[in-house]
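Enquirer: Contents of entry.txt (compact mmCIF, N, CA and C atoms) are below:
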# COMPACT_ATOMS: atom_id res chain seq x y z
N MET J 4 125.89 71.85 128.43
CA MET J 4 125.84 70.76 127.47
C MET J 4 126.53 71.17 126.18
N ASN J 5 127.27 72.23 126.22
CA ASN J 5 127.94 72.78 125.06
C ASN J 5 128.98 71.81 124.51
N ASN J 6 129.56 71.28 123.88
CA ASN J 6 130.61 70.38 123.45
C ASN J 6 130.37 68.95 123.91
N GLN J 7 129.19 68.56 124.26
CA GLN J 7 128.94 67.18 124.69
C GLN J 7 128.25 66.45 123.56
N ALA J 8 128.48 65.16 123.52
CA ALA J 8 127.83 64.32 122.52
C ALA J 8 126.59 63.70 123.14
N ILE J 9 125.57 63.54 122.34
CA ILE J 9 124.35 62.92 122.81
C ILE J 9 124.37 61.47 122.32
N ALA J 10 124.22 60.55 123.23
CA ALA J 10 124.24 59.13 122.86
C ALA J 10 122.84 58.68 122.51
N PHE J 11 122.72 57.93 121.41
CA PHE J 11 121.42 57.41 120.98
C PHE J 11 121.19 56.00 121.52
N ALA J 12 122.19 55.42 122.05
CA ALA J 12 122.06 54.10 122.67
C ALA J 12 122.83 54.18 123.98
N SER J 13 122.78 53.15 124.73
CA SER J 13 123.47 53.20 126.01
C SER J 13 124.97 53.28 125.76
N THR J 14 125.68 53.92 126.65
CA THR J 14 127.11 54.09 126.46
C THR J 14 127.88 52.80 126.67
N ASP J 15 127.24 51.80 127.24
CA ASP J 15 127.89 50.52 127.43
C ASP J 15 127.85 49.69 126.16
N SER J 16 126.94 50.01 125.26
CA SER J 16 126.77 49.23 124.04
C SER J 16 127.85 49.57 123.03
N PRO J 17 128.45 48.54 122.38
CA PRO J 17 129.48 48.80 121.38
C PRO J 17 128.91 49.49 120.15
N GLN J 18 127.59 49.45 119.95
CA GLN J 18 126.98 50.03 118.76
C GLN J 18 126.44 51.44 119.06
N ALA J 19 126.90 52.02 120.10
CA ALA J 19 126.39 53.34 120.47
C ALA J 19 126.74 54.36 119.38
N SER J 20 125.76 55.09 118.97
CA SER J 20 125.93 56.12 117.96
C SER J 20 125.84 57.47 118.66
N THR J 21 126.74 58.33 118.34
CA THR J 21 126.70 59.64 118.99
C THR J 21 126.56 60.74 117.94
N TYR J 22 125.95 61.77 118.36
CA TYR J 22 125.77 62.94 117.51
C TYR J 22 126.43 64.12 118.22
N ALA J 23 127.38 64.72 117.58
CA ALA J 23 128.06 65.85 118.19
C ALA J 23 127.31 67.13 117.84
N ARG J 24 126.93 67.88 118.85
CA ARG J 24 126.26 69.16 118.62
C ARG J 24 127.24 70.13 117.99
N PRO J 25 126.71 71.03 117.18
CA PRO J 25 127.61 72.05 116.63
C PRO J 25 128.20 72.87 117.76
N ARG J 26 129.47 73.06 117.70
CA ARG J 26 130.16 73.82 118.73
C ARG J 26 129.95 75.30 118.49
N LEU J 27 129.62 76.01 119.50
CA LEU J 27 129.42 77.45 119.38
C LEU J 27 130.72 78.16 119.73
N ILE J 28 131.01 79.18 118.96
CA ILE J 28 132.18 80.00 119.22
C ILE J 28 131.77 81.03 120.26
N GLU J 29 132.71 81.48 121.06
CA GLU J 29 132.38 82.50 122.05
C GLU J 29 131.73 83.67 121.33
N GLY J 30 130.71 84.19 121.89
CA GLY J 30 129.97 85.27 121.28
C GLY J 30 128.72 84.75 120.59
N GLY J 31 128.58 83.46 120.45
CA GLY J 31 127.35 82.89 119.96
C GLY J 31 127.29 82.55 118.48
N LEU J 32 128.32 82.78 117.68
CA LEU J 32 128.26 82.45 116.25
C LEU J 32 128.83 81.06 116.01
N SER J 33 128.12 80.29 115.23
CA SER J 33 128.64 78.97 114.88
C SER J 33 129.73 79.15 113.83
N HIS J 34 130.50 78.11 113.64
CA HIS J 34 131.59 78.15 112.65
C HIS J 34 131.04 78.45 111.26
N ASN J 35 129.93 77.82 110.88
CA ASN J 35 129.36 78.04 109.55
C ASN J 35 128.90 79.49 109.37
N ARG J 36 128.29 80.03 110.39
CA ARG J 36 127.82 81.42 110.30
C ARG J 36 129.00 82.37 110.17
N ARG J 37 130.03 82.14 110.97
CA ARG J 37 131.22 82.98 110.88
C ARG J 37 131.86 82.86 109.51
N GLN J 38 131.90 81.66 108.97
CA GLN J 38 132.48 81.44 107.64
C GLN J 38 131.67 82.20 106.57
N ARG J 39 130.34 82.18 106.69
CA ARG J 39 129.50 82.91 105.73
C ARG J 39 129.75 84.41 105.83
N LEU J 40 129.89 84.92 107.05
CA LEU J 40 130.16 86.34 107.22
C LEU J 40 131.51 86.74 106.63
N VAL J 41 132.52 85.94 106.87
CA VAL J 41 133.85 86.22 106.31
C VAL J 41 133.78 86.20 104.79
N THR J 42 133.08 85.22 104.23
CA THR J 42 132.93 85.12 102.78
C THR J 42 132.21 86.36 102.23
N ALA J 43 131.18 86.81 102.93
CA ALA J 43 130.45 88.00 102.49
C ALA J 43 131.35 89.23 102.52
N PHE J 44 132.14 89.39 103.59
CA PHE J 44 133.04 90.53 103.67
C PHE J 44 134.11 90.48 102.59
N VAL J 45 134.66 89.31 102.34
CA VAL J 45 135.67 89.17 101.29
C VAL J 45 135.05 89.49 99.93
N GLY J 46 133.84 89.01 99.69
CA GLY J 46 133.15 89.30 98.43
C GLY J 46 132.90 90.79 98.26
N ALA J 47 132.48 91.45 99.34
CA ALA J 47 132.24 92.89 99.28
C ALA J 47 133.54 93.64 99.01
N PHE J 48 134.62 93.22 99.65
CA PHE J 48 135.92 93.85 99.42
C PHE J 48 136.36 93.70 97.98
N ILE J 49 136.22 92.51 97.43
CA ILE J 49 136.59 92.28 96.03
C ILE J 49 135.72 93.13 95.11
N GLY J 50 134.43 93.24 95.42
CA GLY J 50 133.54 94.07 94.62
C GLY J 50 133.97 95.53 94.62
N LEU J 51 134.30 96.05 95.81
CA LEU J 51 134.77 97.43 95.91
C LEU J 51 136.09 97.63 95.16
N LEU J 52 136.95 96.64 95.22
CA LEU J 52 138.23 96.73 94.52
C LEU J 52 138.01 96.78 93.01
N VAL J 53 137.10 95.95 92.50
CA VAL J 53 136.79 95.96 91.07
C VAL J 53 136.20 97.31 90.67
N MET J 54 135.31 97.87 91.49
CA MET J 54 134.73 99.18 91.19
C MET J 54 135.81 100.26 91.16
N ALA J 55 136.72 100.23 92.11
CA ALA J 55 137.79 101.23 92.15
C ALA J 55 138.67 101.12 90.92
N MET J 56 138.97 99.90 90.51
CA MET J 56 139.81 99.71 89.32
C MET J 56 139.08 100.21 88.07
N SER J 57 137.77 99.99 88.00
CA SER J 57 137.03 100.45 86.83
C SER J 57 136.98 101.97 86.81
N TRP J 58 136.86 102.61 87.99
CA TRP J 58 136.89 104.07 88.03
C TRP J 58 138.23 104.60 87.54
N LEU J 59 139.33 103.93 87.94
CA LEU J 59 140.65 104.34 87.47
C LEU J 59 140.74 104.22 85.96
N TYR J 60 140.19 103.13 85.41
CA TYR J 60 140.21 102.94 83.96
C TYR J 60 139.41 104.04 83.28
N VAL J 61 138.23 104.36 83.82
CA VAL J 61 137.40 105.42 83.24
C VAL J 61 138.14 106.75 83.32
N ASP J 62 138.79 107.03 84.46
CA ASP J 62 139.55 108.27 84.59
C ASP J 62 140.67 108.34 83.57
N GLU J 63 141.37 107.22 83.33
CA GLU J 63 142.43 107.20 82.33
C GLU J 63 141.86 107.43 80.94
N ALA J 64 140.72 106.81 80.64
CA ALA J 64 140.09 106.99 79.33
C ALA J 64 139.62 108.43 79.17
N THR J 65 139.06 109.00 80.21
CA THR J 65 138.61 110.39 80.17
C THR J 65 139.80 111.32 79.98
N GLN J 66 140.88 111.08 80.70
CA GLN J 66 142.06 111.92 80.57
C GLN J 66 142.65 111.82 79.17
N ALA J 67 142.63 110.62 78.58
CA ALA J 67 143.14 110.46 77.21
C ALA J 67 142.28 111.26 76.23
N ARG J 68 140.97 111.26 76.44
CA ARG J 68 140.06 112.02 75.57
C ARG J 68 140.31 113.52 75.71
N ILE J 69 140.51 113.99 76.94
CA ILE J 69 140.79 115.40 77.19
C ILE J 69 142.12 115.79 76.55
N ASP J 70 143.14 114.96 76.76
CA ASP J 70 144.46 115.24 76.17
C ASP J 70 144.38 115.34 74.66
N GLU J 71 143.61 114.43 74.04
CA GLU J 71 143.45 114.44 72.59
C GLU J 71 142.76 115.73 72.14
N ALA J 72 141.71 116.13 72.83
CA ALA J 72 140.98 117.35 72.47
C ALA J 72 141.88 118.58 72.62
N LEU J 73 142.63 118.65 73.70
CA LEU J 73 143.48 119.81 73.94
C LEU J 73 144.70 119.84 73.04
N SER J 74 145.13 118.67 72.56
CA SER J 74 146.29 118.65 71.66
C SER J 74 145.93 119.28 70.31
N GLN J 75 144.66 119.31 69.96
CA GLN J 75 144.22 119.90 68.70
C GLN J 75 143.95 121.40 68.85
N ALA J 76 143.97 121.89 70.09
CA ALA J 76 143.71 123.31 70.34
C ALA J 76 145.01 124.09 70.31
N THR J 77 144.91 125.36 69.99
CA THR J 77 146.06 126.26 70.08
C THR J 77 145.82 127.19 71.25
N LEU J 78 146.90 127.74 71.78
CA LEU J 78 146.77 128.66 72.90
C LEU J 78 146.66 130.09 72.38
N GLU J 79 145.75 130.83 72.98
CA GLU J 79 145.50 132.22 72.61
C GLU J 79 145.63 133.06 73.88
N MET J 80 146.20 134.25 73.73
CA MET J 80 146.32 135.15 74.88
C MET J 80 145.01 135.92 75.05
N VAL J 81 144.51 135.95 76.28
CA VAL J 81 143.27 136.63 76.61
C VAL J 81 143.56 137.57 77.77
N THR J 82 143.01 138.78 77.69
CA THR J 82 143.16 139.75 78.77
C THR J 82 141.93 139.67 79.67
N VAL J 83 142.17 139.57 80.97
CA VAL J 83 141.08 139.48 81.94
C VAL J 83 140.40 140.84 82.04
N MET J 84 139.09 140.83 81.88
CA MET J 84 138.27 142.04 81.95
C MET J 84 137.61 142.11 83.33
N PRO J 85 137.09 143.29 83.73
CA PRO J 85 136.42 143.40 85.03
C PRO J 85 135.27 142.40 85.15
N GLY J 86 135.23 141.69 86.25
CA GLY J 86 134.17 140.71 86.51
C GLY J 86 134.43 139.33 85.94
N ASP J 87 135.50 139.16 85.15
CA ASP J 87 135.80 137.85 84.57
C ASP J 87 136.18 136.84 85.64
N THR J 88 135.77 135.61 85.42
CA THR J 88 136.20 134.48 86.25
C THR J 88 136.80 133.44 85.32
N LEU J 89 137.54 132.52 85.88
CA LEU J 89 138.09 131.44 85.05
C LEU J 89 136.97 130.65 84.38
N TRP J 90 135.88 130.47 85.10
CA TRP J 90 134.74 129.72 84.56
C TRP J 90 134.18 130.42 83.31
N GLN J 91 134.00 131.74 83.40
CA GLN J 91 133.46 132.49 82.27
C GLN J 91 134.41 132.44 81.08
N ILE J 92 135.70 132.58 81.35
CA ILE J 92 136.70 132.54 80.27
C ILE J 92 136.68 131.17 79.61
N ALA J 93 136.61 130.11 80.41
CA ALA J 93 136.55 128.75 79.86
C ALA J 93 135.28 128.54 79.04
N GLU J 94 134.16 129.10 79.50
CA GLU J 94 132.90 128.99 78.74
C GLU J 94 132.98 129.73 77.41
N ARG J 95 133.73 130.84 77.35
CA ARG J 95 133.86 131.60 76.10
C ARG J 95 134.81 130.93 75.12
N HIS J 96 135.59 129.96 75.60
CA HIS J 96 136.57 129.27 74.74
C HIS J 96 136.36 127.75 74.84
N PRO J 97 135.20 127.25 74.39
CA PRO J 97 134.93 125.81 74.54
C PRO J 97 135.83 124.97 73.63
N VAL J 98 136.12 123.79 74.12
CA VAL J 98 136.89 122.80 73.36
C VAL J 98 136.07 121.53 73.36
N ASP J 99 135.70 121.04 72.16
CA ASP J 99 134.93 119.80 72.07
C ASP J 99 135.67 118.68 72.77
N GLY J 100 134.95 117.94 73.61
CA GLY J 100 135.54 116.83 74.35
C GLY J 100 135.97 117.20 75.75
N CYS J 101 135.84 118.49 76.11
CA CYS J 101 136.21 118.94 77.46
C CYS J 101 135.03 119.66 78.10
N THR J 102 134.85 119.44 79.36
CA THR J 102 133.83 120.19 80.10
C THR J 102 134.43 121.53 80.52
N THR J 103 133.57 122.43 80.93
CA THR J 103 134.04 123.73 81.40
C THR J 103 134.96 123.56 82.61
N SER J 104 134.60 122.67 83.50
CA SER J 104 135.43 122.40 84.68
C SER J 104 136.82 121.92 84.29
N GLN J 105 136.90 121.05 83.30
CA GLN J 105 138.20 120.55 82.85
C GLN J 105 139.02 121.66 82.21
N LEU J 106 138.34 122.56 81.47
CA LEU J 106 139.05 123.69 80.87
C LEU J 106 139.57 124.65 81.94
N VAL J 107 138.78 124.89 82.99
CA VAL J 107 139.24 125.74 84.09
C VAL J 107 140.51 125.16 84.68
N ASP J 108 140.52 123.85 84.94
CA ASP J 108 141.72 123.20 85.50
C ASP J 108 142.90 123.35 84.55
N TYR J 109 142.65 123.19 83.24
CA TYR J 109 143.72 123.30 82.24
C TYR J 109 144.28 124.73 82.20
N ILE J 110 143.39 125.73 82.18
CA ILE J 110 143.83 127.13 82.15
C ILE J 110 144.62 127.45 83.40
N ARG J 111 144.16 126.97 84.54
CA ARG J 111 144.86 127.20 85.81
C ARG J 111 146.27 126.59 85.74
N CYS J 112 146.38 125.40 85.19
CA CYS J 112 147.67 124.70 85.10
C CYS J 112 148.61 125.39 84.11
N VAL J 113 148.11 125.71 82.92
CA VAL J 113 148.94 126.33 81.87
C VAL J 113 149.48 127.68 82.34
N ASN J 114 148.68 128.41 83.09
CA ASN J 114 149.07 129.74 83.53
C ASN J 114 149.67 129.77 84.93
N ASP J 115 149.88 128.58 85.49
CA ASP J 115 150.49 128.43 86.81
C ASP J 115 149.78 129.27 87.87
N LEU J 116 148.44 129.15 87.88
CA LEU J 116 147.63 129.86 88.86
C LEU J 116 147.38 128.95 90.05
N SER J 117 147.71 129.44 91.24
CA SER J 117 147.50 128.62 92.42
C SER J 117 146.08 128.78 92.97
N GLN J 118 145.39 129.82 92.52
CA GLN J 118 144.03 130.05 92.98
C GLN J 118 143.18 130.55 91.81
N SER J 119 141.91 130.67 92.03
CA SER J 119 141.00 131.06 90.96
C SER J 119 140.85 132.56 90.80
N SER J 120 141.37 133.35 91.73
CA SER J 120 141.17 134.80 91.64
C SER J 120 142.02 135.38 90.53
N LEU J 121 141.43 136.30 89.78
CA LEU J 121 142.09 136.94 88.67
C LEU J 121 142.17 138.43 88.91
N SER J 122 143.12 139.08 88.26
CA SER J 122 143.25 140.53 88.34
C SER J 122 142.91 141.11 86.97
N VAL J 123 142.23 142.24 86.96
CA VAL J 123 141.90 142.91 85.71
C VAL J 123 143.20 143.26 85.00
N GLY J 124 143.25 142.96 83.70
CA GLY J 124 144.44 143.23 82.89
C GLY J 124 145.39 142.04 82.83
N MET J 125 145.19 141.06 83.67
CA MET J 125 146.03 139.86 83.65
C MET J 125 145.88 139.19 82.28
N ARG J 126 146.99 138.66 81.77
CA ARG J 126 146.95 137.98 80.47
C ARG J 126 147.07 136.48 80.72
N LEU J 127 146.14 135.74 80.13
CA LEU J 127 146.10 134.29 80.30
C LEU J 127 146.17 133.59 78.95
N GLU J 128 146.82 132.47 78.95
CA GLU J 128 146.80 131.61 77.76
C GLU J 128 145.61 130.67 77.93
N VAL J 129 144.76 130.61 76.92
CA VAL J 129 143.59 129.72 76.95
C VAL J 129 143.55 128.92 75.66
N PRO J 130 143.06 127.69 75.73
CA PRO J 130 142.96 126.88 74.51
C PRO J 130 141.83 127.39 73.63
N THR J 131 142.03 127.31 72.35
CA THR J 131 140.99 127.70 71.40
C THR J 131 141.05 126.78 70.19
N ILE J 132 139.92 126.54 69.61
CA ILE J 132 139.84 125.70 68.42
C ILE J 132 139.48 126.60 67.24
N GLY J 133 140.18 126.42 66.13
CA GLY J 133 139.83 127.15 64.91
C GLY J 133 140.60 128.34 64.77
If you convert what's in this file into structure tokens, what do you get?

Expert:
Amino acid sequence: MNNQAIAFASTDSPQASTYARPRLIEGGLSHNRRQRLVTAFVGAFIGLLVMAMSWLYVDEATQARIDEALSQATLEMVTVMPGDTLWQIAERHPVDGCTTSQLVDYIRCVNDLSQSSLSVGMRLEVPTIG
């Protein structure tokens, strides 16, 4: 009885009124249900897109703040001592507006270090304020 109309009066009568049942799509979802699901997925996609764009904006704002803080710093030569790590060196040379992790990345970049391992006696340029 899927796609059939139900007659409310005899089919011979010119005033016969028919009601068409909602057609089911293969798999059992009606058109309205499928439309609601598509709308929900599109809405979720747009929401994720907006979140991603806001993260990019925050990253750009954060990078601008870091760049501003580091532009006010001068570079100082530091000799690596036994047991030193980039993290410890960055902690000893804080820059307002930068986290220790951001300073480690900056020191690694300025000194063209491909890895975090240091050698005793190595000389590194590190940012310093004052």

Enquirer: Where does DSSP see strand (DSSP E or B) in segment 86-129 of chain J, if you list the residues as a CSV table (one decimal) with N, CA and C atoms, in the coordinates of the input?

Expert:
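Output saved as states-v4.csv:
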chain,number,residue,atom,x,y,z
J,126,ARG,N,147.0,138.7,81.8
J,126,ARG,CA,147.0,138.0,80.5
J,126,ARG,C,147.1,136.5,80.7
J,127,LEU,N,146.1,135.7,80.1
J,127,LEU,CA,146.1,134.3,80.3
J,127,LEU,C,146.2,133.6,79.0
J,128,GLU,N,146.8,132.5,79.0
J,128,GLU,CA,146.8,131.6,77.8
J,128,GLU,C,145.6,130.7,77.9
J,129,VAL,N,144.8,130.6,76.9
J,129,VAL,CA,143.6,129.7,77.0
J,129,VAL,C,143.6,128.9,75.7

Enquirer: Would you mind reading off the distance between atom N of Leu78 of chain J and atom C of Glu63 of chain J, one decimal, in Å?

Expert: 22.8 Å

Enquirer: How many Å lie between atom CA of Ser122 of chain J and atom C of Thr82 of chain J, rounded to one decimal?

Expert: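 Pair atom CA of Ser122 of chain J / atom C of Thr82 of chain J returns 8.8 Å.
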
Enquirer: Mind giving me the straight-line distance from atom CA of Leu127 of chain J to atom CA of Asp70 of chain J in Å, one decimal?

Expert: 19.6 Å

Enquirer: For a quick check of understanding, using only C-alpha atoms, which of J:Asn114, J:Gln66, J:Ser120, J:Ser33 has the smallest distance to Val81 of chain J?

Expert: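 Closest residue, counting only C-alpha atoms: J:Asn114.
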
Enquirer: Can you pull out the residues contacting segment 96-104 of chain J? Cut-off 7 Å, using all atoms listed in the file, and skip same-chain residues under 6 positions away; I want them as a VMD selection string.

Expert: chain J and resid 68 to 69 72 90 130 to 132

Enquirer: Take the selection from the previous step and output its residues with N, CA and C atoms, as a PDB file, in the frame of the given file.

Expert:
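Below you can see again-v8.pdb, which holds the result:
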ATOM      1  N   ARG J  68     140.970 111.260  76.440  1.00  0.00           N
ATOM      2  CA  ARG J  68     140.060 112.020  75.570  1.00  0.00           C
ATOM      3  C   ARG J  68     140.310 113.520  75.710  1.00  0.00           C
ATOM      4  N   ILE J  69     140.510 113.990  76.940  1.00  0.00           N
ATOM      5  CA  ILE J  69     140.790 115.400  77.190  1.00  0.00           C
ATOM      6  C   ILE J  69     142.120 115.790  76.550  1.00  0.00           C
ATOM      7  N   ALA J  72     141.710 116.130  72.830  1.00  0.00           N
ATOM      8  CA  ALA J  72     140.980 117.350  72.470  1.00  0.00           C
ATOM      9  C   ALA J  72     141.880 118.580  72.620  1.00  0.00           C
ATOM     10  N   TRP J  90     135.880 130.470  85.100  1.00  0.00           N
ATOM     11  CA  TRP J  90     134.740 129.720  84.560  1.00  0.00           C
ATOM     12  C   TRP J  90     134.180 130.420  83.310  1.00  0.00           C
ATOM     13  N   PRO J 130     143.060 127.690  75.730  1.00  0.00           N
ATOM     14  CA  PRO J 130     142.960 126.880  74.510  1.00  0.00           C
ATOM     15  C   PRO J 130     141.830 127.390  73.630  1.00  0.00           C
ATOM     16  N   THR J 131     142.030 127.310  72.350  1.00  0.00           N
ATOM     17  CA  THR J 131     140.990 127.700  71.400  1.00  0.00           C
ATOM     18  C   THR J 131     141.050 126.780  70.190  1.00  0.00           C
ATOM     19  N   ILE J 132     139.920 126.540  69.610  1.00  0.00           N
ATOM     20  CA  ILE J 132     139.840 125.700  68.420  1.00  0.00           C
ATOM     21  C   ILE J 132     139.480 126.600  67.240  1.00  0.00           C
TER      22      ILE J 132
END

Enquirer: Let me have the centre and edge lengths in Å, one decimal, of the box along x, y and z around every listed atom of segment 74-78 of chain J with 3 Å of margin on each side, as JSON.

Expert:
{"center_x": 145.3, "center_y": 124.4, "center_z": 70.8, "size_x": 9.2, "size_y": 17.4, "size_z": 10.2}

Enquirer: Identify which of the residues J:Ala47, J:Ile92, J:Leu40, J:Ala55 lies closest to Met80 of chain J, counting only C-alpha atoms when measuring atom-to-atom distances.

Expert: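 Comparing J:Ala47, J:Ile92, J:Leu40, J:Ala55 against Met80 of chain J, the winner is J:Ile92.
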
Enquirer: What's around Leu89 of chain J at 7 Å? Count only N, CA and C atoms, leave out sequence neighbours fewer than 5 positions away in its own chain, and write the answer as a compact mmCIF listing (two decimals) with N, CA and C atoms, in the coordinates of the input.

Expert:
# COMPACT_ATOMS: atom_id res chain seq x y z
N GLU J 94 134.16 129.10 79.50
CA GLU J 94 132.90 128.99 78.74
C GLU J 94 132.98 129.73 77.41
N LEU J 106 138.34 122.56 81.47
CA LEU J 106 139.05 123.69 80.87
C LEU J 106 139.57 124.65 81.94
N VAL J 107 138.78 124.89 82.99
CA VAL J 107 139.24 125.74 84.09
C VAL J 107 140.51 125.16 84.68
N SER J 119 141.91 130.67 92.03
CA SER J 119 141.00 131.06 90.96
C SER J 119 140.85 132.56 90.80
N LEU J 121 141.43 136.30 89.78
CA LEU J 121 142.09 136.94 88.67
C LEU J 121 142.17 138.43 88.91

Enquirer: Looking at only N, CA and C atoms, which of J:Gly124, J:Arg95, J:Val129, J:Gly46 is the one that sits closest to Ile110 of chain J?

Expert: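 Checking each candidate against Ile110 of chain J, we get J:Val129 as the closest.
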